Structure formats: C-alpha cells, structure tokens
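> Structure file entry-v5.txt, compact mmCIF, C-alpha atoms, is pasted below:
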```txt
# COMPACT_ATOMS: atom_id res chain seq x y z
CA MET J 87 -3.17 -25.64 -10.49
CA ILE J 88 -4.25 -22.43 -8.78
CA LEU J 89 -7.33 -20.24 -9.19
CA HIS J 90 -6.00 -16.69 -8.81
CA THR J 91 -8.60 -14.03 -7.98
CA ILE J 92 -7.46 -10.43 -8.45
CA ASN J 93 -9.51 -7.78 -6.69
CA ALA J 94 -7.47 -4.61 -7.16
CA ALA J 95 -6.89 -2.14 -9.97
CA PRO J 96 -3.99 -2.90 -12.35
CA SER J 97 -1.90 -0.11 -10.83
CA SER J 98 -1.71 -1.93 -7.49
CA ASN J 99 0.95 -4.58 -7.03
CA ALA J 100 -1.68 -7.33 -6.81
CA LEU J 101 -1.55 -7.92 -10.55
CA ALA J 102 2.26 -7.80 -10.69
CA ASP J 103 2.65 -10.15 -7.72
CA CYS J 104 0.21 -12.61 -9.28
CA MET J 105 1.78 -12.45 -12.71
CA ALA J 106 5.22 -13.14 -11.24
CA ILE J 107 4.13 -16.66 -10.35
CA ALA J 108 1.05 -17.57 -12.43
CA GLU J 109 1.57 -20.45 -14.86
CA PRO J 110 -0.36 -21.86 -17.84
CA CYS J 111 -2.07 -24.54 -15.72
CA ASP J 112 -3.72 -21.82 -13.63
CA ALA J 113 -6.86 -19.74 -14.01
CA VAL J 114 -7.14 -16.02 -13.30
CA LEU J 115 -10.47 -14.47 -12.33
CA LEU J 116 -10.70 -10.68 -12.21
CA LEU J 117 -13.11 -9.24 -9.63
CA GLY J 118 -14.01 -5.73 -8.51
CA ASP J 119 -11.41 -3.24 -9.73
CA GLY J 120 -9.41 -6.17 -11.08
CA VAL J 121 -11.61 -6.20 -14.19
CA TYR J 122 -9.74 -3.19 -15.59
CA ALA J 123 -6.69 -5.37 -16.18
CA ALA J 124 -8.62 -7.06 -19.00
CA LEU J 125 -9.13 -3.89 -21.05
CA LYS J 126 -8.15 -4.75 -24.62
CA ASP J 127 -4.64 -3.86 -25.82
CA THR J 128 -3.46 -2.47 -22.48
CA VAL J 129 -0.13 -3.33 -20.87
CA SER J 130 -1.88 -5.12 -18.02
CA CYS J 131 -3.95 -7.19 -20.44
CA THR J 132 -0.81 -8.22 -22.30
CA GLN J 133 0.72 -9.28 -18.98
CA LEU J 134 -2.33 -11.40 -18.22
CA GLN J 135 -2.19 -13.04 -21.63
CA SER J 136 1.55 -13.75 -21.31
CA SER J 137 0.93 -15.86 -18.21
CA GLY J 138 -0.76 -18.50 -20.38
CA ALA J 139 -3.43 -18.95 -17.72
CA ALA J 140 -7.14 -19.17 -18.58
CA LEU J 141 -8.59 -15.68 -18.09
CA TYR J 142 -11.99 -14.86 -16.63
CA VAL J 143 -13.86 -11.74 -15.53
CA LEU J 144 -16.83 -11.64 -13.17
CA GLN J 145 -19.65 -10.36 -15.34
CA ALA J 146 -21.46 -8.24 -12.74
CA ASP J 147 -18.26 -6.40 -11.86
CA ALA J 148 -17.45 -5.77 -15.53
CA ALA J 149 -20.98 -4.47 -16.07
CA ALA J 150 -20.62 -2.11 -13.11
CA ALA J 151 -17.32 -0.81 -14.48
CA GLY J 152 -18.79 -0.28 -17.96
CA VAL J 153 -16.19 -2.50 -19.61
CA LEU J 154 -18.30 -5.39 -20.93
CA ASN J 155 -17.61 -4.40 -24.54
CA LEU J 156 -14.03 -3.27 -23.98
CA LEU J 157 -12.38 -6.49 -22.92
CA ALA J 158 -9.84 -8.55 -24.85
CA ASP J 159 -11.34 -11.36 -26.94
CA ASP J 160 -9.77 -14.19 -24.98
CA ILE J 161 -11.31 -13.06 -21.70
CA ARG J 162 -14.26 -15.20 -20.65
CA LEU J 163 -17.14 -13.50 -18.80
CA ILE J 164 -18.58 -15.68 -16.03
CA ASP J 165 -21.31 -15.26 -13.46
CA MET J 166 -21.25 -16.34 -9.82
CA ASP J 167 -22.28 -19.87 -10.79
CA GLY J 168 -19.26 -19.97 -13.11
CA PHE J 169 -17.03 -18.72 -10.29
CA VAL J 170 -18.16 -21.60 -8.08
CA GLU J 171 -17.65 -24.02 -10.96
CA LEU J 172 -14.07 -22.76 -11.40
CA SER J 173 -13.43 -23.35 -7.70
CA GLU J 174 -14.65 -26.93 -8.08
CA THR J 175 -12.07 -27.80 -10.70
CA MET J 176 -9.16 -25.76 -9.30
CA PRO J 177 -7.99 -27.35 -6.05
CA ARG J 178 -6.83 -24.13 -4.42
CA GLN J 179 -7.53 -20.40 -4.66
CA GLN J 180 -5.13 -17.50 -4.04
CA ALA J 181 -6.71 -14.09 -3.42
CA TRP J 182 -4.64 -11.13 -4.63
CA TYR J 183 -5.80 -7.70 -3.42
CA MET L 4 -5.13 -34.17 14.43
CA ASN L 5 -3.79 -37.02 12.28
CA ALA L 6 -0.68 -35.76 10.48
CA ASP L 7 -1.42 -37.90 7.43
CA THR L 8 -4.88 -36.49 6.85
CA ALA L 9 -4.28 -32.94 8.07
CA LYS L 10 -4.81 -30.30 5.42
CA ARG L 11 -1.70 -28.39 4.42
CA VAL L 12 -2.25 -24.67 4.81
CA LEU L 13 -0.07 -21.87 3.43
CA LEU L 14 -0.33 -18.25 4.51
CA VAL L 15 0.63 -16.06 1.54
CA ILE L 16 1.76 -12.76 3.01
CA ARG L 17 2.07 -9.74 0.70
CA HIS L 18 1.73 -6.60 2.78
CA SER L 19 4.20 -4.51 4.76
CA PRO L 20 4.10 -4.84 8.56
CA TYR L 21 2.47 -1.63 9.72
CA GLY L 22 0.62 -0.04 6.77
CA SER L 23 -2.43 -2.24 7.30
CA SER L 24 -3.65 -4.69 9.92
CA LEU L 25 -3.16 -7.65 7.57
CA ALA L 26 0.35 -8.47 8.74
CA ARG L 27 -0.72 -8.81 12.34
CA ALA L 28 -3.80 -10.80 11.32
CA SER L 29 -1.61 -13.26 9.40
CA LEU L 30 0.67 -13.86 12.38
CA ASP L 31 -2.29 -14.27 14.72
CA ALA L 32 -3.60 -16.91 12.29
CA ALA L 33 -0.19 -18.63 12.25
CA LEU L 34 -0.07 -18.73 16.04
CA ALA L 35 -3.63 -20.06 16.22
CA ALA L 36 -2.76 -22.81 13.75
CA ALA L 37 0.28 -23.73 15.83
CA ALA L 38 -1.81 -23.79 19.01
CA PHE L 39 -4.21 -26.24 17.37
CA GLU L 40 -1.35 -28.30 15.92
CA GLN L 41 -2.46 -27.50 12.37
CA PRO L 42 0.60 -27.71 10.09
CA ILE L 43 1.16 -24.29 8.58
CA ASN L 44 3.71 -22.60 6.33
CA LEU L 45 4.33 -18.92 5.75
CA LEU L 46 5.37 -17.45 2.40
CA PHE L 47 6.37 -13.79 2.13
CA ILE L 48 6.09 -12.30 -1.36
CA GLY L 49 6.09 -8.80 -2.80
CA ASP L 50 5.87 -6.16 -0.07
CA GLY L 51 5.50 -8.95 2.48
CA VAL L 52 9.30 -9.32 2.53
CA LEU L 53 9.42 -5.94 4.30
CA GLN L 54 8.12 -7.72 7.40
CA LEU L 55 11.52 -9.39 7.61
CA LEU L 56 13.56 -6.22 8.10
CA PRO L 57 15.38 -6.69 11.40
CA GLU L 58 15.49 -3.30 13.10
CA GLN L 59 11.82 -2.53 13.56
CA ASP L 60 10.84 -0.23 16.42
CA ALA L 61 7.07 -0.36 16.46
CA ALA L 62 6.90 1.28 19.88
CA ALA L 63 7.62 4.48 17.97
CA ILE L 64 4.11 4.22 16.45
CA GLY L 65 2.32 2.46 19.31
CA LEU L 66 2.06 -0.95 17.72
CA ARG L 67 3.30 -4.44 18.53
CA ASN L 68 6.79 -5.16 17.16
CA HIS L 69 6.13 -7.41 14.19
CA ALA L 70 9.72 -8.63 13.81
CA ARG L 71 9.75 -9.72 17.43
CA THR L 72 6.58 -11.75 16.90
CA LEU L 73 8.14 -13.37 13.83
CA ALA L 74 11.24 -14.18 15.90
CA SER L 75 9.02 -16.05 18.38
CA LEU L 76 7.54 -18.41 15.75
CA PRO L 77 10.13 -21.16 16.37
CA LEU L 78 8.76 -21.42 19.91
CA TYR L 79 5.55 -22.61 18.24
CA ASN L 80 7.30 -25.10 15.95
CA ILE L 81 7.33 -22.77 12.95
CA ASP L 82 11.08 -22.90 12.51
CA SER L 83 11.45 -21.33 9.09
CA VAL L 84 9.48 -19.31 6.61
CA TYR L 85 9.67 -18.95 2.82
CA VAL L 86 10.46 -15.81 0.88
CA GLU L 87 10.25 -14.59 -2.71
CA ARG L 88 13.91 -14.14 -3.57
CA ALA L 89 13.21 -11.53 -6.26
CA ALA L 90 11.24 -9.30 -3.87
CA ALA L 91 13.99 -9.45 -1.24
CA ASP L 92 16.51 -8.51 -3.95
CA ARG L 93 14.36 -5.61 -5.14
CA TYR L 94 14.33 -4.13 -1.64
CA HIS L 95 17.99 -5.08 -1.00
CA ILE L 96 16.99 -7.00 2.11
CA ASP L 97 19.74 -9.04 3.72
CA LEU L 98 17.87 -12.23 4.56
CA ALA L 99 20.70 -13.37 6.82
CA LEU L 100 19.54 -10.64 9.24
CA ALA L 101 15.85 -11.67 9.18
CA PRO L 102 14.16 -12.35 12.54
CA LEU L 103 14.03 -16.07 11.82
CA VAL L 104 15.35 -18.59 9.31
CA VAL L 105 14.10 -17.81 5.80
CA LEU L 106 14.26 -20.03 2.73
CA PRO L 107 14.31 -18.08 -0.56
CA LEU L 108 12.31 -19.33 -3.54
CA ASP L 109 12.24 -18.25 -7.17
CA SER L 110 8.97 -17.80 -9.07
CA HIS L 111 8.59 -21.34 -10.32
CA GLU L 112 9.51 -22.76 -6.90
CA ILE L 113 6.84 -20.52 -5.36
CA HIS L 114 4.23 -21.92 -7.73
CA GLN L 115 5.31 -25.48 -6.95
CA PHE L 116 5.30 -24.73 -3.23
CA MET L 117 1.80 -23.27 -3.38
CA CYS L 118 0.61 -26.38 -5.24
CA GLN L 119 1.92 -28.55 -2.40
CA HIS L 120 -0.72 -27.03 -0.12
CA ASP L 121 -4.45 -27.71 0.11
CA HIS L 122 -5.44 -24.21 1.19
CA LEU L 123 -3.86 -20.83 0.41
CA LEU L 124 -4.87 -17.94 2.68
CA GLY L 125 -3.92 -14.58 1.18
CA PHE L 126 -2.96 -11.80 3.59
CA MET B 1169 -17.88 -30.42 -1.45
CA ILE B 1170 -17.46 -28.63 1.84
CA TYR B 1171 -16.55 -24.97 1.49
CA SER B 1172 -15.49 -22.37 4.00
CA LEU B 1173 -15.04 -18.70 3.22
CA LEU B 1174 -12.51 -16.28 4.69
CA VAL B 1175 -13.79 -12.72 4.33
CA LEU B 1176 -11.38 -9.83 4.91
CA SER B 1177 -13.19 -7.37 2.64
CA SER B 1178 -14.74 -4.31 4.22
CA HIS B 1179 -18.53 -4.23 4.01
CA VAL B 1180 -18.29 -0.56 3.00
CA SER B 1181 -15.27 -0.16 0.75
CA GLY B 1182 -15.65 -2.08 -2.49
CA HIS B 1183 -18.12 -4.92 -2.70
CA GLY B 1184 -15.94 -7.92 -1.92
CA ALA B 1185 -18.10 -8.89 1.04
CA LEU B 1186 -21.27 -8.88 -1.10
CA THR B 1187 -19.43 -10.98 -3.68
CA ALA B 1188 -18.56 -13.44 -0.92
CA ALA B 1189 -22.22 -13.73 0.10
CA GLY B 1190 -23.18 -14.26 -3.54
CA PHE B 1191 -20.53 -16.95 -3.87
CA ALA B 1192 -21.89 -18.74 -0.80
CA ARG B 1193 -25.43 -18.61 -2.22
CA SER B 1194 -24.30 -20.00 -5.58
CA ALA B 1195 -22.20 -22.71 -3.94
CA ILE B 1196 -25.22 -23.89 -1.99
CA ALA B 1197 -27.37 -23.78 -5.14
CA ARG B 1198 -24.81 -26.05 -6.82
CA GLY B 1199 -25.19 -28.58 -4.02
CA HIS B 1200 -22.19 -27.71 -1.87
CA SER B 1201 -22.27 -27.07 1.85
CA ILE B 1202 -20.73 -24.10 3.63
CA ARG B 1203 -18.93 -25.20 6.80
CA ARG B 1204 -18.28 -21.69 8.04
CA VAL B 1205 -17.82 -18.09 6.94
CA PHE B 1206 -15.00 -16.56 8.98
CA PHE B 1207 -14.76 -12.79 9.00
CA LEU B 1208 -11.33 -11.34 9.76
CA ASP B 1209 -9.81 -7.86 9.90
CA ALA B 1210 -12.10 -5.30 8.22
CA GLY B 1211 -14.42 -8.16 7.27
CA SER B 1212 -15.56 -8.37 10.88
CA CYS B 1213 -17.72 -5.29 10.33
CA ALA B 1214 -20.07 -7.44 8.24
CA GLY B 1215 -21.72 -8.37 11.53
CA SER B 1216 -22.74 -4.83 12.38
CA SER B 1217 -26.29 -4.47 13.67
CA THR B 1218 -25.97 -0.68 13.73
CA ALA B 1219 -24.52 0.26 10.33
CA VAL B 1220 -26.98 2.24 8.20
CA PHE B 1221 -26.69 2.34 4.42
CA PRO B 1222 -28.19 4.75 1.89
CA GLN B 1223 -31.42 3.58 0.32
CA ASP B 1224 -29.87 3.50 -3.15
CA GLU B 1225 -27.34 0.83 -2.14
CA ALA B 1226 -27.59 -2.89 -1.45
CA ASP B 1227 -28.31 -4.07 2.09
CA ARG B 1228 -24.99 -5.44 3.37
CA LEU B 1229 -26.42 -7.45 6.26
CA GLN B 1230 -29.42 -9.13 4.64
CA PRO B 1231 -27.49 -11.54 2.38
CA TRP B 1232 -25.68 -12.96 5.42
CA LEU B 1233 -28.86 -13.19 7.48
CA ALA B 1234 -30.54 -15.07 4.64
CA LEU B 1235 -27.65 -17.56 4.50
CA ALA B 1236 -27.83 -18.08 8.26
CA GLU B 1237 -31.64 -18.41 8.38
CA ASP B 1238 -32.27 -20.36 5.19
CA HIS B 1239 -29.20 -22.59 5.12
CA LYS B 1240 -27.87 -22.59 8.68
CA VAL B 1241 -24.53 -21.14 7.52
CA GLU B 1242 -22.31 -20.41 10.53
CA LEU B 1243 -21.09 -16.81 10.52
CA VAL B 1244 -18.07 -16.18 12.76
CA LEU B 1245 -16.39 -12.85 13.48
CA CYS B 1246 -12.77 -13.11 14.61
CA ILE B 1247 -12.85 -11.76 18.15
CA SER B 1248 -9.60 -9.79 18.01
CA SER B 1249 -10.61 -8.12 14.72
CA ALA B 1250 -14.17 -7.57 15.95
CA LEU B 1251 -13.10 -5.83 19.15
CA LYS B 1252 -10.77 -3.46 17.29
CA HIS B 1253 -13.57 -2.56 14.90
CA GLY B 1254 -16.12 -1.93 17.63
CA MET B 1255 -17.96 -5.16 16.91
CA LEU B 1256 -19.01 -6.38 20.35
CA ASP B 1257 -21.64 -8.97 21.14
CA SER B 1258 -23.48 -8.73 24.45
CA THR B 1259 -20.82 -10.74 26.32
CA GLU B 1260 -17.97 -8.57 25.10
CA ALA B 1261 -19.96 -5.34 25.56
CA GLN B 1262 -20.48 -6.30 29.22
CA ARG B 1263 -16.87 -7.43 29.65
CA TYR B 1264 -15.50 -4.15 28.35
CA GLU B 1265 -18.25 -2.02 29.87
CA LYS B 1266 -19.39 -0.60 26.57
CA ASN B 1267 -22.85 0.93 26.12
CA ALA B 1268 -24.47 -1.68 23.96
CA PRO B 1269 -23.70 -4.69 21.76
CA THR B 1270 -23.13 -3.87 18.11
CA VAL B 1271 -23.09 -7.33 16.57
CA HIS B 1272 -26.20 -8.83 15.01
CA PRO B 1273 -27.16 -12.05 16.88
CA ALA B 1274 -26.87 -14.11 13.68
CA PHE B 1275 -23.08 -13.76 14.03
CA ILE B 1276 -20.88 -15.56 16.55
CA VAL B 1277 -17.80 -13.77 17.90
CA SER B 1278 -15.02 -16.29 18.41
CA GLY B 1279 -11.32 -16.98 18.06
CA LEU B 1280 -9.04 -17.87 15.16
CA GLY B 1281 -9.34 -21.50 16.22
CA GLN B 1282 -12.62 -21.46 14.27
CA LEU B 1283 -10.68 -20.55 11.12
CA VAL B 1284 -8.14 -23.29 11.80
CA ASP B 1285 -10.99 -25.74 12.34
CA ALA B 1286 -12.57 -24.63 9.06
CA THR B 1287 -9.33 -25.28 7.15
CA ALA B 1288 -9.17 -28.76 8.62
CA GLU B 1289 -12.79 -29.59 7.77
CA SER B 1290 -13.17 -28.01 4.34
CA ASP B 1291 -12.38 -29.17 0.83
CA ARG B 1292 -12.15 -25.58 -0.38
CA ILE B 1293 -11.32 -22.32 1.37
CA VAL B 1294 -12.16 -19.25 -0.72
CA THR B 1295 -10.68 -15.94 0.48
CA PHE B 1296 -12.23 -12.57 -0.27
CA GLY B 1297 -10.05 -9.52 0.36
CA GLY B 1298 -9.74 -5.97 -0.91
```
Could you write out this file's structure as structure tokens?

Amino acid sequence: MILHTINAAPSSNALADCMAIAEPCDAVLLLGDGVYAALKDTVSCTQLQSSGAALYVLQADAAAAGVLNLLADDIRLIDMDGFVELSETMPRQQAWY
Amino acid sequence: MNADTAKRVLLVIRHSPYGSSLARASLDAALAAAAFEQPINLLFIGDGVLQLLPEQDAAAIGLRNHARTLASLPLYNIDSVYVERAAADRYHIDLALAPLVVLPLDSHEIHQFMCQHDHLLGF
Amino acid sequence: MIYSLLVLSSHVSGHGALTAAGFARSAIARGHSIRRVFFLDAGSCAGSSTAVFPQDEADRLQPWLALAEDHKVELVLCISSALKHGMLDSTEAQRYEKNAPTVHPAFIVSGLGQLVDATAESDRIVTFGG
C-alpha cells in the first residue's frame, strides 16, 4: 500500500511514471499542478481511473486552479486534515514531481 | 543501529543526472545513509535510468561525474541498485555496461519492492 | 505517530513548501509529533532571512517560524544544498568569508546525517517536491 502524491502537470512524466506502477491497493493524491490530471473525461483522468487506486485531490489546490467543478465524479476532494489522515492509514508515501 | 529494528529506506530516483541537482542530492543521501550504517536501497525509474549510462564526461560541463560516484557505491556496501526494466528498454540502455551491478524489475516487482520498505524518498 | 518531512520544493516556484508547512500544522493538530523537517536542494531556501515577497502573496517564512516557536519543530537545512543556494548561517558566513549570514536563526544548517537520523526515528516520512 502506497500513498502516491503527484505534484506536476499531467504533461510531465510524473503522472506516467506513477501510473506505471500504481496498483488498486494504493491511493493517489493530486497536489499543485497535479490536480489537472483529474479533469473529467481527459486522457490523464482515464489513466488515473485505470490504476484502480483511490483518487484524491487537495481541495485548496483545486480551488486555486479553478477546477473544483470540473473534476471526475470518483475524485474525492480532501483538505489538509484529510491528507494527514491518508498518511496515517497508508504506511508509505511516494512523491512524484 | 540494530539491523532488526532499522527502518528500511528506498531512494526512488527519477531524474537524469545533470538536468537538475536532484541526482546529486540522491547520491549524497545514499552516501550519508551508508556512513551512518542505515540500510538503503536505490531504485532508478523513468528518466532516472539515464544516470546509468556509462560514458559520462561531466568535466565537459563543470560538474562531478555522476557515473563515477555511482561506481563507488560498492565501497560503501551498496553493491547493487534496482532499475525499471521498461525505462531502460525505452532508452535502449545496455545495463551490462552500467557503472555498477543493476537488478532490473518489472512494474509489479517495483510495487512489491517499494512495499518492502518503510520509507520512500523521491528524488 | 512520529513524522518527519523532507522538503525539496522551492519556496518561490509553486507552493509545495507552503503545503508542507500546512501538513505539519495539521499533523500536530491531529496529535502527531514532528521529529524534524529536513530541507534539501531548492527546499533549503525556505530558511532565507533576506527573501522579500510581494504583499499580495503569502509569507513563506512565517509558517515555519510558527511551527518552530509554538511546537518546537526542528527545522534543518542540508548544509551542502544550503551553501550552493547562498543559505549561510553565521558560522558558514564566517568560514567562507561572506558578507553576512542569510539564514534565519530558527533554522539549523547541518548534514544529511540529520535526514538519516530522521528516517530511523520516524514512523512516517512525507516528501514534498516540485
């Protein structure tokens, strides 16, 4: 079980590198420019969904990007408290950037 | 440090050797871990496999030769490193010519390997 | 649980470093302790006592100072990264005969051994990069 945090736009290889190894037991949290990968019906969003991992977006970063209402339905918005809570249950974190 | 209770740490290395300072930072961290007898593993994925190209001449750009530093890791009891096989294939890198012994892993093996460690440090 | 943070994010480009400070604050609020925050590579600039930011942007230094003052969080800049980025405390400024220290006193400048120590002592290491 790995908590993957992606802090780079979908065009960078951070998303691709993460998706190459992410598995359904993992969680993926999108931060910073990473939030754009969760835009509904995009190729990057489909990639995220294909991993089978639980998908999360940091709310403040999505708000900044103006994408709060543009995300796929299975993306969960979480705040910083939720980020910490995720880190409690996932034994290890891998930062992709 | 008690080997039974020591945390298992994996450096996950994804950047090319000279385009950023991350590659050097990751090796400095590996050497520090070795100096403090902290068990450490190195995993090269994505563009990180480019660090394993053998004929680097960093003097040409005024930087420390990264391949030479990798080649010195066995002196610090880091005898082998792990590599994403698919990334090496994409760049047509001959791993037999790498600066030190490399053990290729496929995607699922990488996930398993990561899960065998307590801490993952992403460089 | 005991957490340590590894911060590689620039304090200027993106807001990864501010996110890290926010994470530390929330972790403490949830009852966890922060063993150490280790700043590496571009992250070492978080300790700048001389950086000046526009008034319409968040203060980059204050969140770390608050963590140090209110919760005794140890803030460590990796010495090799710090030197390359012009982050010198008074000892290093004297050693290298530079005009003045540039690191805020709330930060310690030290070696990667502090990161290794943090990995040994912590239940969770959370890395912030990019």
> Between atom CA of Tyr1264 of chain B and atom CA of Ser1216 of chain B, what is the distance in Å, rounded to a tenth?
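Computing it gives 17.5 Å between the two atoms.
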> Nearest to Gly168 of chain J among J:Ala95, J:Leu144, J:Ala149, J:Leu154, with distances taken over all atoms listed in the file: which residue is it?
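Selected residue with least distance to Gly168 of chain J: J:Leu144.
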> Within 12 Å of chain B, which residues of chain L show up? Give each one with its shortest atom-to-atom distance in Å (one decimal) and the two atoms involved, counting only C-alpha atoms, rows by chain then rising residue number, as a Markdown table.

```
| residue | atom | partner | partner_atom | distance |
| --- | --- | --- | --- | --- |
| L:Met4 | CA | B:Ala1288 | CA | 8.9 |
| L:Asn5 | CA | B:Ala1288 | CA | 10.5 |
| L:Ala6 | CA | B:Ala1288 | CA | 11.2 |
| L:Thr8 | CA | B:Ala1288 | CA | 9.0 |
| L:Ala9 | CA | B:Ala1288 | CA | 6.5 |
| L:Lys10 | CA | B:Ala1288 | CA | 5.6 |
| L:Arg11 | CA | B:Ala1288 | CA | 8.6 |
| L:Val12 | CA | B:Thr1287 | CA | 7.5 |
| L:Leu13 | CA | B:Thr1287 | CA | 10.5 |
| L:Leu14 | CA | B:Thr1295 | CA | 11.3 |
| L:Val15 | CA | B:Thr1295 | CA | 11.4 |
| L:Ser23 | CA | B:Asp1209 | CA | 9.6 |
| L:Ser24 | CA | B:Asp1209 | CA | 6.9 |
| L:Leu25 | CA | B:Asp1209 | CA | 7.0 |
| L:Ala26 | CA | B:Asp1209 | CA | 10.2 |
| L:Arg27 | CA | B:Asp1209 | CA | 9.5 |
| L:Ala28 | CA | B:Asp1209 | CA | 6.8 |
| L:Ser29 | CA | B:Asp1209 | CA | 9.8 |
| L:Leu30 | CA | B:Leu1280 | CA | 10.9 |
| L:Asp31 | CA | B:Leu1280 | CA | 7.7 |
| L:Ala32 | CA | B:Leu1280 | CA | 6.2 |
| L:Ala33 | CA | B:Val1284 | CA | 9.2 |
| L:Leu34 | CA | B:Leu1280 | CA | 9.1 |
| L:Ala35 | CA | B:Gly1281 | CA | 5.9 |
| L:Ala36 | CA | B:Val1284 | CA | 5.7 |
| L:Ala37 | CA | B:Val1284 | CA | 9.3 |
| L:Ala38 | CA | B:Gly1281 | CA | 8.4 |
| L:Phe39 | CA | B:Gly1281 | CA | 7.1 |
| L:Glu40 | CA | B:Val1284 | CA | 9.4 |
| L:Gln41 | CA | B:Val1284 | CA | 7.1 |
| L:Pro42 | CA | B:Ala1288 | CA | 9.9 |
| L:Ile43 | CA | B:Val1284 | CA | 9.9 |
| L:His120 | CA | B:Thr1287 | CA | 11.4 |
| L:Asp121 | CA | B:Arg1292 | CA | 8.0 |
| L:His122 | CA | B:Ile1293 | CA | 6.2 |
| L:Leu123 | CA | B:Ile1293 | CA | 7.7 |
| L:Leu124 | CA | B:Thr1295 | CA | 6.5 |
| L:Gly125 | CA | B:Thr1295 | CA | 6.9 |
| L:Phe126 | CA | B:Gly1297 | CA | 8.1 |
```
> So, with all atoms listed in the file as the atoms that count, which of J:Ile164, J:Leu117, J:Ala158, J:Ala181 lies closest to chain L?
J:Ala181
> Kindly give the distance, in Å, that separates atom CA of Ala1219 of chain B and atom CA of Asp1257 of chain B, rounded to a single decimal.
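So the two atoms, atom CA of Ala1219 of chain B and atom CA of Asp1257 of chain B, lie 14.5 Å apart.
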> Define the interface residues of chain B facing chain J as those within 12 Å, counting all atoms listed in the file, and report them as a PyMOL selection string.
chain B and resi 1169-1177+1181-1200+1287+1290-1298
> Counting only C-alpha atoms, what is within 6 Å of Gly51 of chain L, bar same-chain residues fewer than 4 positions away, as a short mmCIF file (atom, residue, chain, number, x, y, z; two decimals) with C-alpha atoms, keeping the file's coordinate frame?

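Okay, this is what ended up in part.cif:
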```cif
data_model
loop_
_atom_site.label_atom_id
_atom_site.label_comp_id
_atom_site.auth_asym_id
_atom_site.auth_seq_id
_atom_site.Cartn_x
_atom_site.Cartn_y
_atom_site.Cartn_z
CA ILE L 16 1.76 -12.76 3.01
CA ARG L 17 2.07 -9.74 0.70
CA HIS L 18 1.73 -6.60 2.78
CA SER L 19 4.20 -4.51 4.76
CA PHE L 47 6.37 -13.79 2.13
#
```
> What gap, in Å, lies between atom CA of Glu109 of chain J and atom CA of Met87 of chain J?
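If I compute the distance from atom CA of Glu109 of chain J to atom CA of Met87 of chain J, I get 8.3 Å.
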> Taking (7.2, -25.3, -2.9) as a centre in this file's frame and 12 Å as the limit, can you find every polymer residue with an atom that close, using only C-alpha atoms, and give them as a list in words?
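Residues close enough to count: Ile107 of chain J; Arg11, Leu13, Asn44, Leu45, Leu46, Val84, Tyr85, Val86, Glu87, Leu106, Pro107, Leu108, Asp109, Ser110, His111, Glu112, Ile113, His114, Gln115, Phe116, Met117, Cys118, Gln119 and His120 of chain L.
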> Go through J:Leu115, J:Leu101, J:Val129, J:Leu156 and flag the residue nearest chain L, using all atoms listed in the file for the distances.
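Closest residue, counting all atoms listed in the file: J:Leu101.
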> What's the 7 Å shell around segment 131-140 of chain J, counting all atoms listed in the file, without same-chain residues fewer than 2 positions away, as a list of chain:residue names?
J:Met105, J:Ala108, J:Glu109, J:Pro110, J:Cys111, J:Asp112, J:Ala113, J:Val114, J:Ala123, J:Ala124, J:Leu125, J:Lys126, J:Asp127, J:Thr128, J:Val129, J:Tyr142
> For chain J, which residue among L:Asp50, L:Asp97, L:Asp60, L:Asp82 is the nearest when counting only C-alpha atoms?
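The shortest atom-to-atom distance to chain J comes from L:Asp50.
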> Would you pick out the contacts of segment 1228-1238 of chain B at 7 Å or less, using all atoms listed in the file, so that residues sharing its chain but fewer than 2 positions from it are not included, and give the list as a PDB file with C-alpha atoms, in the coordinates of the input?

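Saved to part.pdb:
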```pdb
ATOM      1  CA  HIS B1179     -18.530  -4.230   4.010  1.00  0.00           C
ATOM      2  CA  LEU B1186     -21.270  -8.880  -1.100  1.00  0.00           C
ATOM      3  CA  ALA B1189     -22.220 -13.730   0.100  1.00  0.00           C
ATOM      4  CA  ALA B1214     -20.070  -7.440   8.240  1.00  0.00           C
ATOM      5  CA  ALA B1226     -27.590  -2.890  -1.450  1.00  0.00           C
ATOM      6  CA  LYS B1240     -27.870 -22.590   8.680  1.00  0.00           C
ATOM      7  CA  VAL B1241     -24.530 -21.140   7.520  1.00  0.00           C
ATOM      8  CA  GLU B1242     -22.310 -20.410  10.530  1.00  0.00           C
ATOM      9  CA  ALA B1274     -26.870 -14.110  13.680  1.00  0.00           C
TER      10      ALA B1274
END
```
